[in-house]
>>> print(open('start36.txt').read())   # compact mmCIF, C-alpha atoms
# COMPACT_ATOMS: atom_id res chain seq x y z
CA MET A 1 0.00 0.00 0.00
CA GLU A 2 1.35 3.29 -1.17
CA LEU A 3 0.63 5.34 1.95
CA GLU A 4 2.33 2.85 4.22
CA LEU A 5 5.43 2.91 2.04
CA LEU A 6 5.44 6.70 2.08
CA VAL A 7 5.21 6.75 5.85
CA LYS A 8 8.01 4.24 6.09
CA GLN A 9 10.23 6.39 3.89
CA PHE A 10 9.25 9.43 5.93
CA GLN A 11 10.38 7.61 9.04
CA ASP A 12 13.70 6.96 7.28
CA LYS A 13 14.11 10.75 6.90
CA ASN A 14 13.34 10.82 3.22
CA HIS A 15 12.68 14.43 2.24
CA VAL A 16 10.69 13.50 -0.87
CA ALA A 17 8.32 11.35 1.18
CA PHE A 18 7.99 14.15 3.71
CA GLU A 19 7.09 16.60 0.96
CA LYS A 20 4.42 14.25 -0.39
CA LEU A 21 2.83 13.76 3.03
CA TYR A 22 3.01 17.48 3.61
CA GLY A 23 1.19 18.02 0.31
CA MET A 24 -1.50 15.56 1.36
CA TYR A 25 -2.17 16.85 4.86
CA SER A 26 -0.79 20.37 5.36
CA LYS A 27 -3.99 22.12 4.36
CA SER A 28 -6.03 19.94 6.73
CA ILE A 29 -3.62 20.51 9.60
CA HIS A 30 -3.66 24.22 8.89
CA GLY A 31 -7.46 24.13 8.90
CA VAL A 32 -7.57 22.35 12.24
CA VAL A 33 -5.14 24.68 14.02
CA TYR A 34 -6.68 27.73 12.40
CA ASN A 35 -10.10 26.65 13.67
CA ILE A 36 -8.64 26.62 17.18
CA VAL A 37 -6.41 29.72 17.18
CA LYS A 38 -8.42 31.80 14.67
CA ASP A 39 -5.31 33.62 13.47
CA THR A 40 -3.73 32.99 10.09
CA ALA A 41 -0.16 33.92 11.09
CA ILE A 42 -0.24 31.82 14.27
CA ALA A 43 -1.82 28.95 12.34
CA ASP A 44 0.97 29.15 9.74
CA GLU A 45 3.59 28.93 12.44
CA LEU A 46 1.81 26.15 14.31
CA MET A 47 1.33 24.08 11.19
CA GLN A 48 5.04 24.28 10.47
CA ASP A 49 5.82 23.36 14.05
CA VAL A 50 3.50 20.36 13.80
CA PHE A 51 5.20 18.99 10.70
CA ILE A 52 8.67 19.62 12.11
CA LYS A 53 7.66 17.83 15.28
CA ALA A 54 6.28 14.92 13.27
CA TRP A 55 9.52 14.81 11.30
CA ASN A 56 11.67 14.82 14.41
CA LYS A 57 9.71 12.14 16.24
CA ALA A 58 8.73 10.15 13.19
CA ASP A 59 10.17 6.99 14.70
CA THR A 60 7.58 7.05 17.49
CA TYR A 61 4.75 6.53 14.99
CA SER A 62 3.48 3.06 14.32
CA SER A 63 0.60 2.14 12.02
CA LYS A 64 -0.57 -0.23 14.76
CA LYS A 65 -1.44 2.78 16.87
CA GLY A 66 -3.67 4.32 14.21
CA ARG A 67 -3.76 6.19 10.96
CA PHE A 68 -0.85 8.47 10.09
CA PHE A 69 -3.31 11.29 9.48
CA THR A 70 -4.86 10.66 12.88
CA TRP A 71 -1.42 10.77 14.48
CA ILE A 72 -0.47 14.09 12.96
CA LEU A 73 -3.99 15.46 13.57
CA ASN A 74 -3.48 14.67 17.25
CA ILE A 75 -0.13 16.51 17.33
CA ALA A 76 -1.79 19.50 15.66
CA ARG A 77 -4.73 19.71 18.08
CA ASN A 78 -2.43 19.44 21.08
CA ALA A 79 -0.06 22.09 19.72
CA ALA A 80 -2.93 24.46 18.97
CA ILE A 81 -4.59 23.95 22.34
CA ASP A 82 -1.24 24.43 24.11
CA LYS A 83 -0.89 27.65 22.15
CA THR A 84 -4.26 28.95 23.28
CA ARG A 85 -3.24 28.27 26.88
CA SER A 86 -0.02 30.27 26.58
CA LYS A 87 0.07 33.59 28.38
CA ALA A 88 1.06 35.58 25.31
CA PHE A 89 -1.80 34.11 23.31
CA LYS A 90 -4.36 34.79 26.04
CA GLN A 91 -3.22 38.40 26.23
CA SER A 92 -3.44 38.96 22.49
CA LYS A 93 -6.78 37.17 22.07
CA GLN A 94 -9.03 38.20 24.86
CA ASN A 95 -12.16 36.88 23.25
CA LEU A 96 -11.89 33.97 20.91
CA ASN A 97 -15.10 34.02 19.00
CA ALA A 98 -17.15 30.91 19.25
CA GLU A 99 -17.26 30.29 15.48
CA TYR A 100 -17.43 26.69 14.41
CA PHE A 101 -15.53 25.30 11.45
CA VAL A 102 -18.74 25.55 9.48
CA ASP A 103 -18.91 29.31 9.98
CA ILE A 104 -15.32 29.64 8.83
CA ILE A 105 -15.96 27.60 5.70
CA ALA A 106 -19.13 29.52 4.98
CA GLY A 107 -17.19 32.76 5.43
CA HIS A 108 -14.51 31.93 2.86
CA ASP A 109 -15.13 34.06 -0.21
CA SER A 110 -12.19 32.67 -2.06
CA LEU A 111 -13.10 29.00 -2.04
CA ASP A 112 -12.15 27.72 -5.43
CA ASP A 113 -14.66 26.17 -7.72
CA SER A 114 -13.43 22.62 -7.42
CA THR A 115 -16.06 20.01 -6.84
CA ASP A 116 -14.67 19.48 -3.36
CA ALA A 117 -15.24 23.08 -2.47
CA ILE A 118 -18.73 23.12 -3.83
CA GLY A 119 -19.56 19.86 -2.08
CA ILE A 120 -18.15 21.09 1.22
CA LYS A 121 -20.02 24.34 1.02
CA LYS A 122 -23.21 22.47 0.30
CA PHE A 123 -22.41 20.13 3.15
CA VAL A 124 -21.86 22.85 5.74
CA THR A 125 -24.99 24.72 4.72
CA GLU A 126 -27.17 21.67 4.81
CA LEU A 127 -25.64 20.07 7.85
CA GLY A 128 -27.84 19.93 10.95
CA GLU A 129 -26.75 21.84 14.03
CA LYS A 130 -26.12 18.62 15.98
CA CYS A 131 -23.86 17.32 13.22
CA LYS A 132 -21.88 20.53 13.18
CA ALA A 133 -21.31 20.33 16.89
CA VAL A 134 -20.35 16.67 16.92
CA ILE A 135 -17.84 17.01 14.08
CA GLU A 136 -16.44 20.18 15.61
CA LEU A 137 -15.79 18.50 18.94
CA LEU A 138 -14.57 15.08 17.79
CA TYR A 139 -12.40 16.03 14.82
CA PHE A 140 -11.43 19.66 15.27
CA LYS A 141 -11.22 19.95 19.04
CA GLY A 142 -10.20 16.41 19.92
CA PHE A 143 -12.86 15.90 22.55
CA THR A 144 -13.34 12.32 23.71
CA GLN A 145 -16.78 10.73 23.24
CA LYS A 146 -17.38 11.21 26.94
CA GLU A 147 -16.43 14.86 26.90
CA ALA A 148 -18.52 15.43 23.80
CA SER A 149 -21.52 13.70 25.38
CA GLU A 150 -21.23 15.97 28.41
CA GLU A 151 -20.77 19.06 26.29
CA LEU A 152 -23.76 18.27 24.06
CA GLN A 153 -25.81 16.56 26.77
CA MET A 154 -26.26 13.42 24.69
CA PRO A 155 -25.70 9.78 25.63
CA ILE A 156 -22.30 8.44 24.55
CA GLY A 157 -23.92 5.91 22.21
CA THR A 158 -25.84 8.65 20.46
CA ILE A 159 -22.62 10.59 19.85
CA LYS A 160 -21.15 7.57 18.13
CA THR A 161 -24.07 6.88 15.81
CA ARG A 162 -24.80 10.51 15.10
CA ASN A 163 -21.17 11.02 14.18
CA ARG A 164 -21.38 8.05 11.84
CA ASN A 165 -24.41 9.60 10.10
CA CYS A 166 -22.82 13.05 9.84
CA ILE A 167 -19.62 11.69 8.30
CA GLN A 168 -21.75 9.61 5.94
CA GLN A 169 -23.45 12.79 4.73
CA LEU A 170 -20.05 14.38 4.22
CA ARG A 171 -18.81 11.41 2.22
CA ASP A 172 -21.90 11.51 0.05
CA MET A 173 -21.17 15.10 -0.85
CA VAL A 174 -17.40 15.24 -1.25
CA LEU A 175 -16.34 11.80 -2.41
CA MET B 176 -17.89 -11.25 12.24
CA ASP B 177 -20.62 -8.99 10.98
CA ILE B 178 -18.63 -6.47 8.95
CA LYS B 179 -21.67 -4.40 8.12
CA ALA B 180 -22.76 -4.06 11.73
CA TYR B 181 -19.22 -3.20 12.72
CA ILE B 182 -19.13 -0.42 10.15
CA GLU B 183 -22.57 0.85 11.14
CA SER B 184 -21.52 1.09 14.80
CA GLY B 185 -19.52 4.21 14.00
CA ILE B 186 -16.31 2.94 15.57
CA LEU B 187 -14.29 3.52 12.40
CA GLU B 188 -15.20 7.21 12.42
CA LEU B 189 -13.94 7.40 15.99
CA TYR B 190 -10.82 5.52 14.92
CA VAL B 191 -10.01 8.21 12.36
CA ALA B 192 -10.84 10.93 14.88
CA GLY B 193 -8.28 9.38 17.23
CA GLN B 194 -10.76 8.74 20.01
CA LEU B 195 -10.05 5.09 20.71
CA SER B 196 -7.80 3.38 23.22
CA GLU B 197 -4.51 1.82 22.25
CA THR B 198 -6.03 -1.63 22.51
CA GLU B 199 -8.93 -0.70 20.28
CA ASN B 200 -6.57 0.84 17.77
CA GLN B 201 -4.45 -2.31 17.70
CA GLU B 202 -7.61 -4.39 17.26
CA ILE B 203 -8.83 -2.32 14.34
CA TYR B 204 -5.40 -2.40 12.75
CA ASN B 205 -5.53 -6.18 12.79
CA LEU B 206 -9.07 -6.21 11.34
CA LEU B 207 -8.02 -3.81 8.57
CA GLN B 208 -5.32 -6.27 7.53
CA GLN B 209 -7.96 -9.01 7.22
CA HIS B 210 -10.95 -7.16 5.77
CA PRO B 211 -10.37 -4.94 2.73
CA LYS B 212 -13.93 -3.67 3.06
CA LEU B 213 -13.12 -2.22 6.45
CA LEU B 214 -9.93 -0.67 5.12
CA GLN B 215 -11.86 0.88 2.23
CA GLU B 216 -14.34 2.30 4.70
CA VAL B 217 -11.55 3.84 6.81
CA LEU B 218 -9.89 5.33 3.74
CA GLU B 219 -13.14 6.98 2.71
CA ILE B 220 -13.81 8.37 6.15
CA GLU B 221 -10.27 9.69 6.34
CA SER B 222 -10.47 11.18 2.88
CA ALA B 223 -13.71 12.97 3.71
CA VAL B 224 -12.28 14.34 6.97
CA VAL B 225 -9.07 15.47 5.23
CA LYS B 226 -11.15 17.38 2.71
CA LEU B 227 -13.38 18.90 5.34
CA THR B 228 -10.53 20.07 7.55
CA ALA B 229 -8.62 21.38 4.53
CA ALA B 230 -11.65 23.47 3.58
CA VAL B 231 -11.35 25.37 6.87
CA SER B 232 -7.84 26.57 6.07
CA PRO B 233 -7.86 30.04 4.54
CA ARG B 234 -4.53 29.17 2.94
CA ALA B 235 -1.65 26.91 3.73
CA LYS B 236 1.97 27.57 3.03
CA GLY B 237 3.88 25.37 0.65
CA PHE B 238 6.45 22.83 1.64
CA GLU B 239 9.22 25.29 0.74
CA SER B 240 8.47 27.16 3.93
CA ILE B 241 9.66 24.29 6.12
CA LYS B 242 12.32 22.83 3.89
CA ALA B 243 14.94 25.16 5.32
CA ARG B 244 13.87 24.25 8.82
CA ILE B 245 14.20 20.52 8.41
CA ALA B 246 17.56 21.01 6.69
CA ASN B 247 18.76 23.05 9.66
CA GLU B 248 17.30 20.77 12.28
CA THR B 249 18.79 17.72 10.64
CA LYS B 250 22.17 19.40 10.80
CA VAL B 251 21.68 20.24 14.46
CA ILE B 252 20.95 16.62 15.23
CA GLU B 253 24.09 15.47 13.47
CA LEU B 254 26.35 17.88 15.32
CA GLN B 255 28.44 16.38 18.09
CA PRO B 256 28.59 18.31 21.35
CA ARG B 257 31.62 20.52 20.91
CA PRO B 258 34.61 19.90 23.19
CA THR B 259 35.08 22.72 25.60
CA ASN B 260 37.25 25.28 23.89
CA TRP B 261 39.66 26.17 26.68
CA ILE B 262 41.86 28.35 24.51
CA SER B 263 38.86 30.45 23.59
CA TYR B 264 37.64 30.66 27.21
CA THR B 265 41.11 31.55 28.46
CA GLY B 266 41.38 34.16 25.74
CA TRP B 267 38.09 35.72 26.74
CA ALA B 268 38.97 35.65 30.42
CA ALA B 269 42.35 37.25 29.67
CA SER B 270 40.79 39.98 27.60
CA VAL B 271 38.22 40.68 30.32
CA LEU B 272 41.03 40.93 32.89
CA LEU B 273 43.03 43.15 30.56
CA ALA B 274 40.04 45.42 30.05
CA MET B 275 39.50 45.64 33.82
CA GLY B 276 43.23 46.39 34.30
CA LEU B 277 43.17 49.11 31.69
CA PHE B 278 40.10 50.63 33.23
CA TRP B 279 41.73 50.58 36.68
CA SER B 280 44.92 52.22 35.32
CA LEU B 281 42.92 54.89 33.60
CA ASN B 282 41.05 55.67 36.81
CA LYS B 283 44.30 55.77 38.74
CA LYS B 284 45.85 58.12 36.20
CA THR B 285 42.89 60.48 36.38
CA ASP B 286 43.14 60.48 40.19
CA LEU B 287 46.84 61.29 40.10
CA GLU B 288 46.31 64.05 37.57
CA GLN B 289 43.70 65.59 39.83
CA GLN B 290 46.03 65.34 42.83
CA LEU B 291 48.81 66.97 40.82
CA GLN B 292 46.54 69.81 39.83
CA THR B 293 45.49 70.36 43.44
CA ALA B 294 49.16 70.45 44.47
CA ASP B 295 49.90 72.96 41.72
CA THR B 296 47.11 75.21 42.91
CA GLU B 297 48.36 74.94 46.50
CA ASN B 298 51.90 75.83 45.36
CA LEU B 299 50.65 78.87 43.53
CA TYR B 300 48.71 79.97 46.58
CA LEU B 301 51.73 79.50 48.86
CA GLU B 302 53.94 81.40 46.43
CA THR B 303 51.49 84.29 46.49
CA GLN B 304 51.52 84.23 50.25
CA ILE B 305 55.32 84.29 50.33
CA GLU B 306 55.28 87.18 47.89
CA ASP B 307 52.78 89.00 50.09
CA ALA B 308 54.87 88.35 53.18
CA LYS B 309 58.00 89.59 51.39
CA SER B 310 56.36 92.82 50.32
CA ASN B 311 54.91 93.23 53.82
CA LEU B 312 58.35 92.79 55.25
CA ALA B 313 59.82 95.31 52.79
CA ALA B 314 57.10 97.85 53.65
CA THR B 315 57.67 97.37 57.35
CA LYS B 316 61.44 97.76 56.96
CA ASN B 317 60.84 100.88 54.96
CA LEU B 318 58.58 102.23 57.69
CA LEU B 319 61.16 101.42 60.31
CA ASN B 320 63.81 103.28 58.32
CA ILE B 321 61.55 106.31 58.04
CA ILE B 322 60.78 106.39 61.74
CA ARG B 323 64.48 106.01 62.58
CA ASP B 324 65.39 109.01 60.42
CA LYS B 325 67.11 111.63 62.61
CA ASP B 326 65.29 114.49 60.94
CA LEU B 327 61.92 113.03 61.81
CA ILE B 328 59.72 115.02 64.18
CA SER B 329 57.36 112.96 66.26
CA VAL B 330 54.05 114.59 67.21
CA PRO B 331 51.67 112.67 69.50
CA LEU B 332 48.01 113.60 69.00
CA GLY B 333 45.95 113.25 72.18
CA GLY B 334 42.29 112.45 72.46
CA GLN B 335 39.99 115.48 72.74
CA GLY B 336 36.76 116.05 74.68
CA ASN B 337 34.41 113.09 74.35
CA PHE B 338 37.04 111.20 72.39
CA ALA B 339 39.71 111.07 75.10
CA SER B 340 40.42 107.40 74.39
CA SER B 341 41.44 108.21 70.82
CA PHE B 342 45.02 108.88 69.91
CA ALA B 343 47.29 109.15 66.90
CA LYS B 344 50.85 109.97 66.07
CA VAL B 345 52.40 112.04 63.29
CA TYR B 346 55.97 111.56 62.11
CA TRP B 347 56.94 114.60 60.08
CA ASN B 348 59.88 114.55 57.73
CA LYS B 349 60.48 118.16 56.91
CA ALA B 350 63.21 117.26 54.45
CA ASP B 351 60.79 115.71 52.02
CA ASN B 352 57.59 117.50 53.18
CA THR B 353 55.91 114.28 54.17
CA ILE B 354 54.06 113.25 57.28
CA TYR B 355 53.43 109.65 58.29
CA LEU B 356 50.26 109.41 60.29
CA ASP B 357 49.93 106.44 62.60
CA ALA B 358 46.16 106.37 63.25
CA GLU B 359 45.93 103.00 64.99
CA GLY B 360 44.20 104.72 67.92
CA LEU B 361 41.22 105.88 65.91
CA PRO B 362 38.05 103.87 65.43
CA ASN B 363 36.82 102.96 61.94
CA ALA B 364 34.97 105.83 60.29
CA PRO B 365 31.22 105.19 60.38
CA GLU B 366 29.15 104.89 57.17
CA GLY B 367 29.02 108.21 55.29
CA LYS B 368 31.85 109.74 57.35
CA VAL B 369 35.55 110.07 56.69
CA TRP B 370 38.62 111.06 58.69
CA GLN B 371 40.11 114.42 57.67
CA VAL B 372 43.63 115.53 58.63
CA TRP B 373 44.38 119.15 59.33
CA SER B 374 47.60 121.16 59.58
CA LEU B 375 47.20 124.08 61.98
CA THR B 376 49.02 127.33 62.69
CA LEU B 377 48.34 128.48 66.21
CA ASN B 378 48.84 132.19 66.00
CA PRO B 379 46.57 133.10 64.40
CA LEU B 380 44.67 129.79 64.55
CA ALA B 381 44.25 128.66 60.95
CA PRO B 382 43.52 125.12 59.72
CA THR B 383 44.70 123.79 56.37
CA SER B 384 43.23 120.53 55.11
CA LEU B 385 45.77 117.80 54.37
CA GLY B 386 43.04 115.72 52.89
CA THR B 387 40.74 112.89 53.86
CA ILE B 388 41.80 109.29 54.53
CA ASP B 389 39.41 107.49 52.25
CA ASP B 390 40.96 104.05 52.65
CA PHE B 391 41.14 104.20 56.45
CA ASN B 392 38.81 101.29 57.17
CA THR B 393 40.49 98.93 54.72
CA ASP B 394 44.10 99.76 55.54
CA ASP B 395 45.92 97.11 57.56
CA ASN B 396 48.61 98.95 59.49
CA LYS B 397 46.77 102.29 59.70
CA ILE B 398 49.88 104.20 58.72
CA PHE B 399 49.22 106.79 56.04
CA THR B 400 51.71 108.80 54.06
CA ILE B 401 50.50 112.37 53.45
CA ALA B 402 52.25 115.26 51.67
CA ASN B 403 52.62 118.34 53.86
CA ALA B 404 54.44 121.46 52.65
CA ASN B 405 52.92 123.65 55.38
CA GLU B 406 54.74 125.28 58.25
CA SER B 407 52.53 123.26 60.60
CA GLN B 408 52.45 124.06 64.30
CA ALA B 409 49.90 121.46 65.19
CA PHE B 410 47.98 118.53 63.60
CA GLY B 411 44.37 117.58 64.20
CA ILE B 412 42.00 114.90 62.96
CA THR B 413 38.26 115.40 62.68
CA LEU B 414 35.43 113.13 61.51
CA GLU B 415 33.75 114.81 58.55
CA PRO B 416 30.97 113.91 56.11
CA GLU B 417 32.18 111.88 53.09
CA GLY B 418 34.18 114.01 50.70
CA GLY B 419 35.59 116.15 53.49
CA SER B 420 34.85 119.71 54.65
CA ASP B 421 36.42 123.10 53.94
CA GLY B 422 36.96 123.73 57.63
CA PRO B 423 37.19 121.34 60.58
CA THR B 424 34.01 120.54 62.47
CA MET B 425 35.24 121.32 65.93
CA ASP B 426 32.85 119.11 67.90
CA GLN B 427 34.10 116.20 65.83
CA LEU B 428 37.77 116.88 66.66
CA TYR B 429 39.05 113.53 67.91
CA THR B 430 42.75 114.12 68.34
CA LEU B 431 45.00 117.09 68.39
CA GLY B 432 48.75 117.50 68.94
CA VAL B 433 51.16 120.41 68.90
CA VAL B 434 54.52 120.22 67.20
CA ALA B 435 57.10 120.37 69.98
CA SER B 436 59.63 122.66 68.46
CA ALA B 437 58.62 124.95 65.75
CA PRO B 438 61.21 124.98 62.98
>>> encode(input="start36.txt", output="structure tokens")
Amino acid sequence: MELELLVKQFQDKNHVAFEKLYGMYSKSIHGVVYNIVKDTAIADELMQDVFIKAWNKADTYSSKKGRFFTWILNIARNAAIDKTRSKAFKQSKQNLNAEYFVDIIAGHDSLDDSTDAIGIKKFVTELGEKCKAVIELLYFKGFTQKEASEELQMPIGTIKTRNRNCIQQLRDMVL
Amino acid sequence: MDIKAYIESGILELYVAGQLSETENQEIYNLLQQHPKLLQEVLEIESAVVKLTAAVSPRAKGFESIKARIANETKVIELQPRPTNWISYTGWAASVLLAMGLFWSLNKKTDLEQQLQTADTENLYLETQIEDAKSNLAATKNLLNIIRDKDLISVPLGGQGNFASSFAKVYWNKADNTIYLDAEGLPNAPEGKVWQVWSLTLNPLAPTSLGTIDDFNTDDNKIFTIANANESQAFGITLEPEGGSDGPTMDQLYTLGVVASAP
């Protein structure tokens, strides 16, 4: 499998493999940290930090522990959340607005006209409020099922199935 | 195993989200190896999430932006810890000591220069004092010579009326028509007043002004040299308003003395 080979090469400090993985995931990682810090410059810096960190501790990743994307997504969320807890960040951003990822996507004027973009825009406009919240918490914020169930006042089982349905809707529109 | 039910449970979505325990992850990894349908499902979920998260990014920088960083960081990793560079440390320490030494010397030099200058000023002051003392001595010797002159006539002036405690003395050198008035026994002239010296003839009584002593109060030895070409028979001193008077004010006559032997 191609991805596994790529990751293996990446772990062997192959720059070409690193560049390919970066091309595949950098925009997603940027989106995730941007959704947390809500600042383009800080998001740029964080995203770079995330990839450098992944590069430096590449040998700690194992496909047995999960998907490579999931691994780097986890690094990104932790880095971004750490950032929001830093003193300097708190001072510069007194009030982080409570925008969800959906609001950010809806607010992009410059979304290109690719089918992905159109599908995503359609998805976020048509998505139910509960779906927005679940995806926000589980994928963008890294909440556990338990934390999400407390936050949304839903049983844990419901979180799981609702999430399944929401992602299914997304797949129908973008894949 | 019911693959369909497993997929429907939603666990694979949580797997991609990274919400499962290590054991669960390991379990799913093993299942993915056995069931291509499960793997396909995971790939689709992941792909959808990658697209969704990417759509949130307003822009993402290209790989170029971190290429330099990984190049640098790789280098840093390869570097061995450098052996302590004693020569460099010693050099720095020596230069710091040298700088401190130079600074100390400079301070010392400035101090000494200041001391030298103070000494110079003191010398100058002492020299002036010696000069003053010398000229004082010369003046005093001169005075002594004058008083010792055999032609000198000494005329004591006694205190008059209310001013009985006053006294003065006139030394008159007829040869050079000069009198030396020793007025140590007179008080300082009050503000707006001045001492005036008179030469008198007794028969008939006629005063002639020898002038006022304007520098009386500031003079040190109170000996004044005054020209006198008169055939004086007596000398008197009165206190007059500043600038002097044409005739003596008799109730301000402090001292008066008659020349012992008229020439």
>>> residues_near_point(input="start36.txt", point="(39.7, 104.5, 66.0)", cutoff="10 Å", atoms="all atoms listed in the file", output="NGL selection string")
:B and (338 or 340-343 or 358-364 or 370 or 391-392 or 397 or 429)
>>> axis_aligned_box(input="start36.txt", around="segment 257-272 of chain B", padding_each_side="4 Å", output="lines of an AutoDock Vina configuration file")
center_x = 37.0
center_y = 30.4
center_z = 26.9
size_x = 18.7
size_y = 29.0
size_z = 20.0
>>> residues_around(input="start36.txt", residues="segment 399-401 of chain B", least_positions_apart="5", cutoff="10 Å", atoms="all atoms listed in the file", output="PyMOL selection string")
chain B and resi 345-347+352-358+372+385-388+390-391+394
>>> atom_distance(input="start36.txt", atom1="atom CA of Ile135 of chain A", atom2="atom CA of Phe68 of chain A")
19.4 Å
>>> atom_distance(input="start36.txt", atom1="atom CA of Ala88 of chain A", atom2="atom CA of Ala41 of chain A")
14.4 Å
>>> atom_distance(input="start36.txt", atom1="atom CA of Pro423 of chain B", atom2="atom CA of Ala409 of chain B")
13.5 Å
>>> residues_around(input="start36.txt", residues="Ala17 of chain A", least_positions_apart="5", cutoff="7 Å", atoms="all atoms listed in the file", output="ChimeraX atom specification")
/A:6,9-10
>>> closest_residue(input="start36.txt", among="A:Thr60, A:Asn165, A:Gln11, A:Ser28", to="chain B", atoms="all atoms listed in the file")
A:Ser28
>>> closest_atom_pairs(input="start36.txt", of="chain B", to="chain A", cutoff="10 Å", atoms="all atoms listed in the file", output="CSV")
residue,atom,partner,partner_atom,distance
B:Ile182,CA,A:Arg164,CA,8.9
B:Glu183,CA,A:Arg164,CA,7.3
B:Ser184,CA,A:Thr161,CA,6.4
B:Gly185,CA,A:Arg164,CA,4.8
B:Ile186,CA,A:Lys160,CA,7.2
B:Leu187,CA,A:Arg164,CA,8.4
B:Glu188,CA,A:Arg164,CA,6.3
B:Leu189,CA,A:Lys160,CA,7.5
B:Tyr190,CA,A:Gly66,CA,7.3
B:Val191,CA,A:Thr70,CA,5.7
B:Ala192,CA,A:Tyr139,CA,5.3
B:Gly193,CA,A:Thr70,CA,5.7
B:Gln194,CA,A:Thr144,CA,5.8
B:Leu195,CA,A:Thr144,CA,8.5
B:Ser196,CA,A:Lys65,CA,9.0
B:Glu197,CA,A:Lys65,CA,6.3
B:Thr198,CA,A:Lys65,CA,8.5
B:Glu199,CA,A:Lys65,CA,8.9
B:Asn200,CA,A:Lys65,CA,5.6
B:Gln201,CA,A:Lys64,CA,5.3
B:Glu202,CA,A:Lys64,CA,8.6
B:Ile203,CA,A:Gly66,CA,8.4
B:Tyr204,CA,A:Lys64,CA,5.7
B:Asn205,CA,A:Lys64,CA,8.0
B:Val217,CA,A:Arg67,CA,9.1
B:Leu218,CA,A:Arg67,CA,9.5
B:Glu219,CA,A:Arg171,CA,7.2
B:Ile220,CA,A:Ile167,CA,7.0
B:Glu221,CA,A:Phe69,CA,7.8
B:Ser222,CA,A:Leu175,CA,7.9
B:Ala223,CA,A:Arg171,CA,5.5
B:Val224,CA,A:Ile167,CA,7.9
B:Val225,CA,A:Ser28,CA,5.6
B:Lys226,CA,A:Ser28,CA,7.0
B:Leu227,CA,A:Ile120,CA,6.7
B:Thr228,CA,A:Ser28,CA,4.6
B:Ala229,CA,A:Ser28,CA,3.7
B:Ala230,CA,A:Ile105,CA,6.3
B:Val231,CA,A:Gly31,CA,4.6
B:Ser232,CA,A:Gly31,CA,3.8
B:Pro233,CA,A:His108,CA,7.1
B:Arg234,CA,A:Lys27,CA,7.2
B:Ala235,CA,A:Lys27,CA,5.4
B:Lys236,CA,A:Asp44,CA,7.0
B:Gly237,CA,A:Gly23,CA,7.8
B:Phe238,CA,A:Glu19,CA,6.3
B:Glu239,CA,A:Glu19,CA,8.9
B:Ser240,CA,A:Gln48,CA,7.9
B:Ile241,CA,A:Gln48,CA,6.3
B:Lys242,CA,A:His15,CA,8.6
B:Arg244,CA,A:Ile52,CA,7.7
B:Ile245,CA,A:Ile52,CA,6.7
B:Ala246,CA,A:His15,CA,9.3
B:Glu248,CA,A:Asn56,CA,8.5
B:Thr249,CA,A:Asn56,CA,8.6
B:Ile252,CA,A:Asn56,CA,9.5
>>> closest_residue(input="start36.txt", among="A:Lys8, A:Lys132, A:Lys122, A:Lys83", to="Ile36 of chain A", atoms="all atoms listed in the file")
A:Lys83
>>> residues_around(input="start36.txt", residues="Ala80 of chain A", least_positions_apart="2", cutoff="8 Å", atoms="only C-alpha atoms", output="PDB file with C-alpha atoms, in the frame of the given file")
ATOM      1  CA  VAL A  33      -5.140  24.680  14.020  1.00  0.00           C
ATOM      2  CA  ILE A  36      -8.640  26.620  17.180  1.00  0.00           C
ATOM      3  CA  VAL A  37      -6.410  29.720  17.180  1.00  0.00           C
ATOM      4  CA  LEU A  46       1.810  26.150  14.310  1.00  0.00           C
ATOM      5  CA  ALA A  76      -1.790  19.500  15.660  1.00  0.00           C
ATOM      6  CA  ARG A  77      -4.730  19.710  18.080  1.00  0.00           C
ATOM      7  CA  ASN A  78      -2.430  19.440  21.080  1.00  0.00           C
ATOM      8  CA  ASP A  82      -1.240  24.430  24.110  1.00  0.00           C
ATOM      9  CA  LYS A  83      -0.890  27.650  22.150  1.00  0.00           C
ATOM     10  CA  THR A  84      -4.260  28.950  23.280  1.00  0.00           C
TER      11      THR A  84
END
>>> residues_near_point(input="start36.txt", point="(34.9, 117.2, 52.5)", cutoff="9 Å", atoms="only C-alpha atoms", output="list in words")
Val369, Gln371, Gly386, Thr387, Glu415, Pro416, Glu417, Gly418, Gly419, Ser420, Asp421 and Gly422 of chain B
>>> residues_around(input="start36.txt", residues="Ala435 of chain B", least_positions_apart="5", cutoff="10 Å", atoms="all atoms listed in the file", output="VMD selection string")
chain B and resid 328 to 331 408 to 409
>>> closest_residue(input="start36.txt", among="A:Phe89, A:Ser62, A:Val50, A:Lys57", to="Ile75 of chain A", atoms="only C-alpha atoms")
A:Val50
>>> build_atoms(input="start36.txt", residues="segment 127-131 of chain A", atoms="N, CA and C atoms", output="short mmCIF file (atom, residue, chain, number, x, y, z; two decimals), keeping the file's coordinate frame")
data_model
loop_
_atom_site.label_atom_id
_atom_site.label_comp_id
_atom_site.auth_asym_id
_atom_site.auth_seq_id
_atom_site.Cartn_x
_atom_site.Cartn_y
_atom_site.Cartn_z
N LEU A 127 -25.88 20.88 6.66
CA LEU A 127 -25.64 20.07 7.85
C LEU A 127 -26.50 20.54 9.03
N GLY A 128 -27.05 19.57 9.77
CA GLY A 128 -27.84 19.93 10.95
C GLY A 128 -26.94 20.46 12.06
N GLU A 129 -27.51 21.24 12.94
CA GLU A 129 -26.75 21.84 14.03
C GLU A 129 -26.02 20.79 14.86
N LYS A 130 -26.71 19.66 15.14
CA LYS A 130 -26.12 18.62 15.98
C LYS A 130 -24.89 18.02 15.31
N CYS A 131 -24.99 17.85 13.97
CA CYS A 131 -23.86 17.32 13.22
C CYS A 131 -22.67 18.26 13.29
#
